[in-house]
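Participant: Provided below: work-v5.cif, containing mmCIF, C-alpha atoms.
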```cif
data_data
loop_
_atom_site.group_PDB
_atom_site.id
_atom_site.type_symbol
_atom_site.label_atom_id
_atom_site.label_comp_id
_atom_site.auth_asym_id
_atom_site.auth_seq_id
_atom_site.Cartn_x
_atom_site.Cartn_y
_atom_site.Cartn_z
ATOM 1 C CA MET A 30 0.000 0.000 0.000
ATOM 2 C CA GLN A 31 2.951 2.276 -0.374
ATOM 3 C CA GLY A 32 2.154 5.497 -2.181
ATOM 4 C CA VAL A 33 -1.546 5.398 -1.318
ATOM 5 C CA ALA A 34 -2.774 8.486 0.521
ATOM 6 C CA VAL A 35 -5.716 8.049 2.840
ATOM 7 C CA ARG A 36 -7.575 11.198 3.828
ATOM 8 C CA ARG A 37 -10.023 10.981 6.701
ATOM 9 C CA MET A 38 -11.050 14.625 6.908
ATOM 10 C CA VAL A 39 -13.888 15.216 9.346
ATOM 11 C CA SER A 40 -15.816 18.488 9.233
ATOM 12 C CA ASP A 41 -14.579 19.619 12.651
ATOM 13 C CA MET A 42 -10.976 18.479 12.076
ATOM 14 C CA LYS A 43 -8.332 21.190 12.252
ATOM 15 C CA THR A 44 -5.016 21.097 10.440
ATOM 16 C CA LEU A 45 -1.827 21.399 12.427
ATOM 17 C CA THR A 46 1.758 21.638 11.243
ATOM 18 C CA VAL A 47 4.609 19.812 12.915
ATOM 19 C CA ARG A 48 6.096 23.195 13.745
ATOM 20 C CA ASP A 49 2.878 24.303 15.506
ATOM 21 C CA LEU A 50 2.800 21.046 17.431
ATOM 22 C CA SER A 51 6.410 21.567 18.509
ATOM 23 C CA ARG A 52 5.832 25.151 19.646
ATOM 24 C CA LYS A 53 2.319 24.858 21.105
ATOM 25 C CA THR A 54 2.258 21.336 22.519
ATOM 26 C CA ALA A 55 0.397 22.252 25.724
ATOM 27 C CA THR A 56 -2.315 24.131 23.817
ATOM 28 C CA VAL A 57 -2.769 21.228 21.392
ATOM 29 C CA LEU A 58 -2.980 18.715 24.244
ATOM 30 C CA ASP A 59 -5.608 20.868 25.976
ATOM 31 C CA ALA A 60 -7.641 20.943 22.758
ATOM 32 C CA LEU A 61 -7.296 17.156 22.414
ATOM 33 C CA GLU A 62 -8.622 16.711 25.949
ATOM 34 C CA ARG A 63 -11.659 18.798 24.944
ATOM 35 C CA GLY A 64 -12.296 16.350 22.107
ATOM 36 C CA GLU A 65 -10.882 18.256 19.138
ATOM 37 C CA THR A 66 -9.237 16.369 16.282
ATOM 38 C CA PHE A 67 -6.216 17.477 14.264
ATOM 39 C CA GLU A 68 -4.691 16.477 10.955
ATOM 40 C CA LEU A 69 -0.915 16.678 11.372
ATOM 41 C CA ARG A 70 0.939 17.980 8.299
ATOM 42 C CA ARG A 71 4.614 18.104 7.335
ATOM 43 C CA ASN A 72 5.702 19.983 4.212
ATOM 44 C CA GLY A 73 2.063 20.318 3.191
ATOM 45 C CA LYS A 74 1.356 16.574 3.330
ATOM 46 C CA ALA A 75 -0.816 14.805 5.904
ATOM 47 C CA VAL A 76 1.398 12.561 8.046
ATOM 48 C CA GLY A 77 -0.986 11.611 10.833
ATOM 49 C CA TYR A 78 -3.999 12.390 12.949
ATOM 50 C CA LEU A 79 -4.286 13.421 16.571
ATOM 51 C CA THR A 80 -7.543 12.501 18.236
ATOM 52 C CA HIS A 81 -8.905 11.876 21.708
ATOM 53 C CA THR A 82 -10.139 8.373 20.854
ATOM 54 C CA ALA A 83 -7.864 5.374 20.784
ATOM 55 C CA PRO A 84 -7.169 3.722 17.410
ATOM 56 C CA GLU A 85 -8.983 0.538 16.488
ATOM 57 C CA PRO A 86 -7.040 -2.585 17.454
ATOM 58 C CA GLU A 87 -5.084 -4.072 14.596
ATOM 59 C CA ARG A 88 -6.589 -7.270 13.235
ATOM 60 C CA ARG A 89 -4.293 -10.232 13.142
ATOM 61 C CA PRO A 90 -4.428 -12.300 9.972
ATOM 62 C CA ASP A 91 -6.015 -15.748 10.123
ATOM 63 C CA TRP A 92 -3.242 -17.617 8.342
ATOM 64 C CA ARG A 93 -4.758 -21.084 8.805
ATOM 65 C CA SER A 94 -7.932 -20.205 6.896
ATOM 66 C CA HIS A 95 -5.864 -18.343 4.293
ATOM 67 C CA PHE A 96 -3.675 -21.381 3.607
ATOM 68 C CA ASP A 97 -6.730 -23.641 3.590
ATOM 69 C CA TRP A 98 -8.187 -21.343 0.929
ATOM 70 C CA LEU A 99 -4.920 -21.453 -1.038
ATOM 71 C CA LYS A 100 -4.923 -25.254 -0.958
ATOM 72 C CA LYS A 101 -8.423 -25.283 -2.449
ATOM 73 C CA GLN A 102 -7.335 -23.092 -5.373
ATOM 74 C CA LYS A 103 -6.771 -25.666 -8.058
ATOM 75 C CA VAL A 104 -4.718 -24.349 -10.919
ATOM 76 C CA ARG A 105 -2.854 -26.328 -13.544
ATOM 77 C CA GLY A 106 -0.015 -28.021 -11.700
ATOM 78 C CA GLY A 107 -1.606 -28.116 -8.222
ATOM 79 C CA GLY A 108 -1.864 -24.427 -7.352
ATOM 80 C CA PHE A 109 0.257 -22.009 -5.446
ATOM 81 C CA VAL A 110 0.868 -24.194 -2.390
ATOM 82 C CA GLU A 111 1.972 -27.060 -4.628
ATOM 83 C CA GLU A 112 4.433 -24.699 -6.355
ATOM 84 C CA LEU A 113 5.902 -23.797 -2.968
ATOM 85 C CA ASN A 114 6.184 -27.456 -2.010
ATOM 86 C CA GLU A 115 7.863 -28.228 -5.357
ATOM 87 C CA ASP A 116 10.363 -25.400 -4.815
ATOM 88 C CA ARG A 117 11.145 -26.807 -1.369
ATOM 89 C CA ARG A 118 11.671 -30.296 -2.813
ATOM 90 C CA ARG A 119 14.037 -28.921 -5.485
ATOM 91 C CA GLN A 120 15.987 -26.950 -2.882
ATOM 92 C CA ARG A 121 16.359 -30.026 -0.654
ATOM 93 C CA ALA A 122 17.524 -32.080 -3.664
ATOM 94 C CA ARG A 123 20.128 -29.418 -4.564
ATOM 95 C CA GLU A 124 21.389 -29.289 -0.978
ATOM 96 C CA ALA A 125 21.584 -33.102 -0.827
ATOM 97 C CA ALA A 126 23.494 -33.185 -4.145
ATOM 98 C CA MET A 127 25.992 -30.626 -2.839
ATOM 99 C CA VAL A 128 26.543 -32.621 0.338
ATOM 100 C CA GLU A 129 27.113 -35.817 -1.679
ATOM 101 C CA SER A 130 29.574 -34.118 -4.048
ATOM 102 C CA THR A 131 31.816 -32.912 -1.211
#
```
Show me, as structure tokens, the structure contained in the file I just sent.
Facilitator:
Amino acid sequence: MQGVAVRRMVSDMKTLTVRDLSRKTATVLDALERGETFELRRNGKAVGYLTHTAPEPERRPDWRSHFDWLKKQKVRGGGFVEELNEDRRRQRAREAAMVEST
């Protein structure tokens, strides 16, 4: 997702520069305690948001169901998981051949 800009501008959101934050930290913190929200900008670009509410917890990926789904994807040659398994088999065979040749 690199290069994708997400703007979550709310009608009552104020913009704040990094310089303002540095020089007026106490004033900004007081405003945050009152429930105000700020969009933090550096060099004219939004770099973050300051808000009184905590961010949503980050979801952890469910890898087991993802790999189960991948296994069900049947493509010519056995699918993506089969390709990975084949690459692993080839790598093990190469390593075994190197050990035998020494």
Participant: Which protein, DNA or RNA residues are at most 9 Å from (-3.3, 17.4, 21.1) in the file's coordinates when you count all atoms listed in the file, listed as a list in words?
Facilitator: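 Residues found, by chain and rising number: Leu50, Thr54, Ala55, Thr56, Val57, Leu58, Asp59, Ala60, Leu61, Glu62, Glu65, Thr66, Phe67, Leu79, Thr80 and His81 of chain A.
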Participant: If you measure from atom CA of Arg48 of chain A to atom CA of Arg71 of chain A, what distance in Å do you get, rounded to one decimal?
Facilitator: 8.3 Å
Participant: Give me the result of the PyMOL selection byres ((chain A and resi 72) around 12) on this file, residue by residue, as a PyMOL selection string.
Facilitator: chain A and resi 45-48+69-71+73-76
Participant: List the neighbours of segment 108-120 of chain A out to 12 Å using all atoms listed in the file; skip same-chain residues closer than 4 positions along the sequence, and give me the result as a list in words.
Facilitator: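 So the residues in contact are His95, Phe96, Asp97, Trp98, Leu99, Lys100, Lys101, Gln102, Lys103, Val104, Glu124, Ala125, Ala126 and Met127 of chain A.
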Participant: Please return the centre and edge lengths, in Å to one decimal, of a box with edges along x, y and z that contains all listed atoms of segment 46-51 of chain A, widened by 6 Å on every side, as JSON.
Facilitator:
```
{"center_x": 4.1, "center_y": 22.1, "center_z": 14.9, "size_x": 16.7, "size_y": 16.5, "size_z": 19.3}
```
Participant: Atom CA of Gly64 of chain A and atom CA of Thr82 of chain A, how far apart in Å?
Facilitator: 8.4 Å
Participant: Suppose you want the space between atom CA of Pro84 of chain A and atom CA of Glu68 of chain A; what is it in Å?
Facilitator: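 Distance between the two atoms: 14.5 Å.
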